[in-house]
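Shown next, in structure tokens, is the structure this report addresses.
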Amino acid sequence: MEGSTATVQRREVPMNHLFDGGALNVYDQQVANLSAGAPGPDLLGKSAQFFQQATEERIKYELKNSSFLFQYGPSIGTTEFRKSLASFLADGYRSEINMSDLVQTSGATNGLHLILSTLVDLAGVIFVDEYTYMIALETIAQFNTMKIVPVPLDEDGPNLATLQALIDQHRFEPTKGKLFWGVYYTMPTFHNPTGIVFSEEKCQQLIKLARATDILIACDDVYNLLHYADPDAPPPKRLFARDIADLGRVEGWRGNVISNGSFSKILSPGIRLGWMECPPRCVEAFRNSGVLMSGGAANNYTGGVVATLIQMGLARRQLDHYRTNYAARLDAMAETLQAHLPAGCSFRKPNGGYFVWIRFPSHIDCAEFNRYCLEKYRVSAIPGVRFSFAKEARHFLRLTFAFHEPDYLRRSVRTLCEAAREYLEIAASTA
């Protein structure tokens, strides 16, 4: 303001990691923080060892081969990285992966940002599940000329009748130079926060709807390889795989699904590396992106190291290490909830991913319960309202099992259940 005498001051917050600098620091365990969607230090230690091996091997190679890895990279990633990634994903998904569909990113959030900035009209409409990843909502909201529209979520996927009606209500012709007027952002596999997997029928109908209305479905597919029910079975089929299967087979096919993946949950969040599987028209838009061309690929150096990690078989070993440990942690959490969660509360054990979604009685405000639980029992999770654009889901709570070891989870979740029982009794006595 003109004439203001306020002094501008710098602000520095000492932090070593994302969860640092506050009372809920998941590392110091002064509070049992059941909200951190990240691997714990015991799991990251093995990742660090594997990266040391791969980095040493890669640097030896670069010193003998013109050090190309230290040059600007191609906009969508090097041929070597995308070829190695295709091999890794084909092994994990148990399906054919075409390297020409792959675009390198610096993680799924970067992928979402690239989708919104490159492919979508600036006045576009972003349809989101009524419960969805809270930071994705914050990312989308930064595009403040776009409109966010929530869609009801059933137990097997979105309510398609409502989604169709909303599309009909908001549809328009996109500006020249943009491929899409609207996007449906979702997680069909091991959904965050609910843990559900979309049904076969819903997936087929979603693709038909997207093709008929030419919207893009942006799938946040970061948990697909983390399936625990039967590790020898393939994971649920990706929506992208269903769509791309008609390339060259269906007249007028254009491609309406992107699978947005990340190494954050399966190697390390700190390496900031991911990928998108895209139809050809989207690949070309990214290939010609000024942001990616000027940047010389997203995180080109790390892409080279991870290519070597894959070639040495270390990426698969780290994924298996995570899956084994995450499955044990999920079992510890689910067994404790099954034994101690009070009557009136319920949950469904997911078959993969990171999260357990607990339903409380409809009159309970889980934001208030979480404050009570933190203050009295030193246990914290994330209330459902954080995952709702419309600020609903007030009687839900999301727990994360990935970070902590099983014994710690058993103790902490049992404490949370005791707090829930006490809180419900207080609520009943004051009703």
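Here, A, B, ... name the chains of the structure tokens in the order displayed, residue numbers run from 1 inside each chain, and ligands are numbered from 1 in the same displayed order.
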Find the nearest atom pair between each residue of range 97-174 of chain A and range 290-311 of chain A for residues within 8 Å, count only C-alpha atoms, give distances in Å to one decimal, sort rows by chain and ascending number, and present the table as a Markdown table.
| residue | atom | partner | partner_atom | distance |
| --- | --- | --- | --- | --- |
| A:Gln104 | CA | A:Ala298 | CA | 6.2 |
| A:Thr105 | CA | A:Ala298 | CA | 5.0 |
| A:Ser106 | CA | A:Ala298 | CA | 5.4 |
Each residue of range 252-286 of chain A lying at most 8 Å from range 26-43 of chain A should get a row with its shortest atom-to-atom pair and the distance in Å to one decimal, counting only C-alpha atoms; could you produce that, ordered by chain and increasing number, as a Markdown table?
| residue | atom | partner | partner_atom | distance |
| --- | --- | --- | --- | --- |
| A:Ser264 | CA | A:Ala38 | CA | 7.9 |
| A:Lys265 | CA | A:Ala38 | CA | 6.7 |
| A:Ser268 | CA | A:Pro39 | CA | 7.7 |
| A:Pro269 | CA | A:Ala38 | CA | 7.4 |
Using all heavy atoms, can you write the selected residues to a file as a PDB file, in the first residue's frame?
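What landed in result.pdb:
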ATOM      1  N   SER A 264       8.194 -41.938  -6.847  1.00  0.00           N
ATOM      2  CA  SER A 264       8.228 -41.477  -5.455  1.00  0.00           C
ATOM      3  C   SER A 264       7.848 -42.563  -4.461  1.00  0.00           C
ATOM      4  O   SER A 264       8.427 -42.651  -3.377  1.00  0.00           O
ATOM      5  CB  SER A 264       7.301 -40.270  -5.280  1.00  0.00           C
ATOM      6  OG  SER A 264       7.795 -39.152  -5.965  1.00  0.00           O
ATOM      7  N   LYS A 265       6.869 -43.383  -4.805  1.00  0.00           N
ATOM      8  CA  LYS A 265       6.385 -44.408  -3.876  1.00  0.00           C
ATOM      9  C   LYS A 265       7.113 -45.740  -4.048  1.00  0.00           C
ATOM     10  O   LYS A 265       7.005 -46.608  -3.187  1.00  0.00           O
ATOM     11  CB  LYS A 265       4.882 -44.637  -4.066  1.00  0.00           C
ATOM     12  CG  LYS A 265       4.029 -43.377  -4.158  1.00  0.00           C
ATOM     13  CD  LYS A 265       4.093 -42.530  -2.912  1.00  0.00           C
ATOM     14  CE  LYS A 265       3.142 -41.349  -3.027  1.00  0.00           C
ATOM     15  NZ  LYS A 265       3.266 -40.412  -1.893  1.00  0.00           N
ATOM     16  N   SER A 268      12.036 -43.621  -4.539  1.00  0.00           N
ATOM     17  CA  SER A 268      12.330 -42.577  -3.551  1.00  0.00           C
ATOM     18  C   SER A 268      11.617 -41.300  -3.960  1.00  0.00           C
ATOM     19  O   SER A 268      11.698 -40.901  -5.131  1.00  0.00           O
ATOM     20  CB  SER A 268      13.844 -42.329  -3.491  1.00  0.00           C
ATOM     21  OG  SER A 268      14.120 -41.024  -3.005  1.00  0.00           O
ATOM     22  N   PRO A 269      10.952 -40.620  -3.023  1.00  0.00           N
ATOM     23  CA  PRO A 269      10.338 -39.336  -3.376  1.00  0.00           C
ATOM     24  C   PRO A 269      11.362 -38.244  -3.642  1.00  0.00           C
ATOM     25  O   PRO A 269      11.099 -37.308  -4.399  1.00  0.00           O
ATOM     26  CB  PRO A 269       9.470 -39.009  -2.162  1.00  0.00           C
ATOM     27  CG  PRO A 269      10.015 -39.819  -1.040  1.00  0.00           C
ATOM     28  CD  PRO A 269      10.594 -41.046  -1.664  1.00  0.00           C
TER      29      PRO A 269
END
Out of range 228-425 of chain A, which residues get alpha helix (DSSP H) from DSSP, as an NGL selection string? :A and (239-244 or 280-287 or 290-295 or 300-311 or 314-340 or 366-377 or 406-425)
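Taking only C-alpha atoms, the non-local environment of Leu137 in chain A within 9 Å (same-chain residues fewer than 6 positions away omitted) comprises A:Val128, A:Ile148, A:Phe387, A:Ser388, A:Phe389.
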Contacts of range 54-157 of chain A with range 342-362 of chain A up to 12 Å, shortest pair per row, only C-alpha atoms, as JSON lines:
{"residue": "A:Tyr131", "atom": "CA", "partner": "A:Trp357", "partner_atom": "CA", "distance": 10.7}
{"residue": "A:Thr132", "atom": "CA", "partner": "A:Trp357", "partner_atom": "CA", "distance": 11.8}
{"residue": "A:Tyr133", "atom": "CA", "partner": "A:Phe355", "partner_atom": "CA", "distance": 11.3}
{"residue": "A:Glu155", "atom": "CA", "partner": "A:Arg348", "partner_atom": "CA", "distance": 10.6}
Between CA of Tyr326 in chain A and CA of Gly270 in chain A, what is the distance, to one decimal in Å? 18.7 Å
I'd like the neighbourhood of range 363-375 of chain A as a list in words, where a residue qualifies if any of its atoms comes within 7 Å (using only C-alpha atoms), though same-chain residues fewer than 4 positions away should be ignored.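 So, after excluding close chain neighbours, the residues are Val379, Ser380, Ala381, Pro383, Arg394, His395, Phe396, Leu397, Leu416 and Ala419 of chain A.
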Just write the chosen residues, all heavy atoms, as a PDB file, in the first residue's frame.
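result_25.pdb written:
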ATOM      1  N   VAL A 379      -1.754 -38.600  18.943  1.00  0.00           N
ATOM      2  CA  VAL A 379      -1.894 -39.347  17.696  1.00  0.00           C
ATOM      3  C   VAL A 379      -2.642 -38.458  16.712  1.00  0.00           C
ATOM      4  O   VAL A 379      -3.594 -37.772  17.091  1.00  0.00           O
ATOM      5  CB  VAL A 379      -2.657 -40.674  17.900  1.00  0.00           C
ATOM      6  CG1 VAL A 379      -2.857 -41.392  16.564  1.00  0.00           C
ATOM      7  CG2 VAL A 379      -1.926 -41.580  18.881  1.00  0.00           C
ATOM      8  N   SER A 380      -2.213 -38.484  15.438  1.00  0.00           N
ATOM      9  CA  SER A 380      -2.838 -37.613  14.455  1.00  0.00           C
ATOM     10  C   SER A 380      -2.970 -38.313  13.112  1.00  0.00           C
ATOM     11  O   SER A 380      -2.123 -39.133  12.726  1.00  0.00           O
ATOM     12  CB  SER A 380      -2.005 -36.335  14.282  1.00  0.00           C
ATOM     13  OG  SER A 380      -2.575 -35.485  13.315  1.00  0.00           O
ATOM     14  N   ALA A 381      -4.056 -37.987  12.386  1.00  0.00           N
ATOM     15  CA  ALA A 381      -4.269 -38.463  11.022  1.00  0.00           C
ATOM     16  C   ALA A 381      -4.775 -37.265  10.205  1.00  0.00           C
ATOM     17  O   ALA A 381      -4.545 -36.117  10.581  1.00  0.00           O
ATOM     18  CB  ALA A 381      -5.247 -39.633  10.996  1.00  0.00           C
ATOM     19  N   PRO A 383      -8.234 -35.525   8.631  1.00  0.00           N
ATOM     20  CA  PRO A 383      -9.696 -35.567   8.521  1.00  0.00           C
ATOM     21  C   PRO A 383     -10.151 -35.493   7.075  1.00  0.00           C
ATOM     22  O   PRO A 383      -9.505 -34.873   6.225  1.00  0.00           O
ATOM     23  CB  PRO A 383     -10.148 -34.335   9.322  1.00  0.00           C
ATOM     24  CG  PRO A 383      -8.962 -33.438   9.371  1.00  0.00           C
ATOM     25  CD  PRO A 383      -7.757 -34.313   9.312  1.00  0.00           C
ATOM     26  N   ARG A 394     -16.872 -34.904   6.252  1.00  0.00           N
ATOM     27  CA  ARG A 394     -16.469 -34.503   7.608  1.00  0.00           C
ATOM     28  C   ARG A 394     -16.418 -35.689   8.575  1.00  0.00           C
ATOM     29  O   ARG A 394     -15.723 -35.602   9.603  1.00  0.00           O
ATOM     30  CB  ARG A 394     -17.424 -33.432   8.153  1.00  0.00           C
ATOM     31  CG  ARG A 394     -18.875 -33.857   8.203  1.00  0.00           C
ATOM     32  CD  ARG A 394     -19.811 -32.697   8.510  1.00  0.00           C
ATOM     33  NE  ARG A 394     -19.607 -32.159   9.837  1.00  0.00           N
ATOM     34  CZ  ARG A 394     -20.191 -32.657  10.931  1.00  0.00           C
ATOM     35  NH1 ARG A 394     -20.990 -33.725  10.843  1.00  0.00           N
ATOM     36  NH2 ARG A 394     -19.969 -32.118  12.100  1.00  0.00           N
ATOM     37  N   HIS A 395     -17.111 -36.792   8.279  1.00  0.00           N
ATOM     38  CA  HIS A 395     -17.114 -37.932   9.198  1.00  0.00           C
ATOM     39  C   HIS A 395     -16.181 -39.056   8.727  1.00  0.00           C
ATOM     40  O   HIS A 395     -16.377 -40.222   9.057  1.00  0.00           O
ATOM     41  CB  HIS A 395     -18.534 -38.465   9.413  1.00  0.00           C
ATOM     42  CG  HIS A 395     -19.222 -38.968   8.175  1.00  0.00           C
ATOM     43  ND1 HIS A 395     -19.573 -38.146   7.137  1.00  0.00           N
ATOM     44  CD2 HIS A 395     -19.624 -40.215   7.828  1.00  0.00           C
ATOM     45  CE1 HIS A 395     -20.168 -38.852   6.202  1.00  0.00           C
ATOM     46  NE2 HIS A 395     -20.193 -40.104   6.589  1.00  0.00           N
ATOM     47  N   PHE A 396     -15.144 -38.676   7.956  1.00  0.00           N
ATOM     48  CA  PHE A 396     -14.139 -39.651   7.522  1.00  0.00           C
ATOM     49  C   PHE A 396     -12.757 -39.237   8.041  1.00  0.00           C
ATOM     50  O   PHE A 396     -12.488 -38.062   8.290  1.00  0.00           O
ATOM     51  CB  PHE A 396     -14.092 -39.745   5.996  1.00  0.00           C
ATOM     52  CG  PHE A 396     -15.277 -40.440   5.385  1.00  0.00           C
ATOM     53  CD1 PHE A 396     -16.408 -39.718   5.018  1.00  0.00           C
ATOM     54  CD2 PHE A 396     -15.270 -41.805   5.162  1.00  0.00           C
ATOM     55  CE1 PHE A 396     -17.496 -40.347   4.444  1.00  0.00           C
ATOM     56  CE2 PHE A 396     -16.353 -42.445   4.599  1.00  0.00           C
ATOM     57  CZ  PHE A 396     -17.468 -41.714   4.236  1.00  0.00           C
ATOM     58  N   LEU A 397     -11.878 -40.242   8.140  1.00  0.00           N
ATOM     59  CA  LEU A 397     -10.497 -40.022   8.572  1.00  0.00           C
ATOM     60  C   LEU A 397      -9.600 -40.904   7.716  1.00  0.00           C
ATOM     61  O   LEU A 397      -9.896 -42.083   7.501  1.00  0.00           O
ATOM     62  CB  LEU A 397     -10.344 -40.403  10.044  1.00  0.00           C
ATOM     63  CG  LEU A 397      -9.076 -39.948  10.769  1.00  0.00           C
ATOM     64  CD1 LEU A 397      -9.102 -38.438  11.004  1.00  0.00           C
ATOM     65  CD2 LEU A 397      -8.947 -40.681  12.120  1.00  0.00           C
ATOM     66  N   LEU A 416      -5.321 -44.694  18.808  1.00  0.00           N
ATOM     67  CA  LEU A 416      -6.340 -43.943  18.072  1.00  0.00           C
ATOM     68  C   LEU A 416      -7.723 -44.552  18.284  1.00  0.00           C
ATOM     69  O   LEU A 416      -8.720 -43.822  18.445  1.00  0.00           O
ATOM     70  CB  LEU A 416      -5.986 -43.901  16.590  1.00  0.00           C
ATOM     71  CG  LEU A 416      -6.929 -43.096  15.694  1.00  0.00           C
ATOM     72  CD1 LEU A 416      -6.157 -42.261  14.690  1.00  0.00           C
ATOM     73  CD2 LEU A 416      -7.915 -44.007  14.952  1.00  0.00           C
ATOM     74  N   ALA A 419      -9.000 -43.555  21.625  1.00  0.00           N
ATOM     75  CA  ALA A 419      -9.451 -42.166  21.569  1.00  0.00           C
ATOM     76  C   ALA A 419     -10.810 -42.064  20.885  1.00  0.00           C
ATOM     77  O   ALA A 419     -11.680 -41.294  21.317  1.00  0.00           O
ATOM     78  CB  ALA A 419      -8.419 -41.320  20.830  1.00  0.00           C
TER      79      ALA A 419
END
Closest of A:Gly261, A:Gly252, A:Pro235, A:Pro150 to Met276 in chain A, counting only C-alpha atoms, is A:Gly261
For Val103 in chain A, which of A:Ile382, A:Leu69, A:Val257, A:Leu85 is the closest residue, counting only C-alpha atoms?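 Answer, going by the shortest atom-to-atom distance: A:Leu85.
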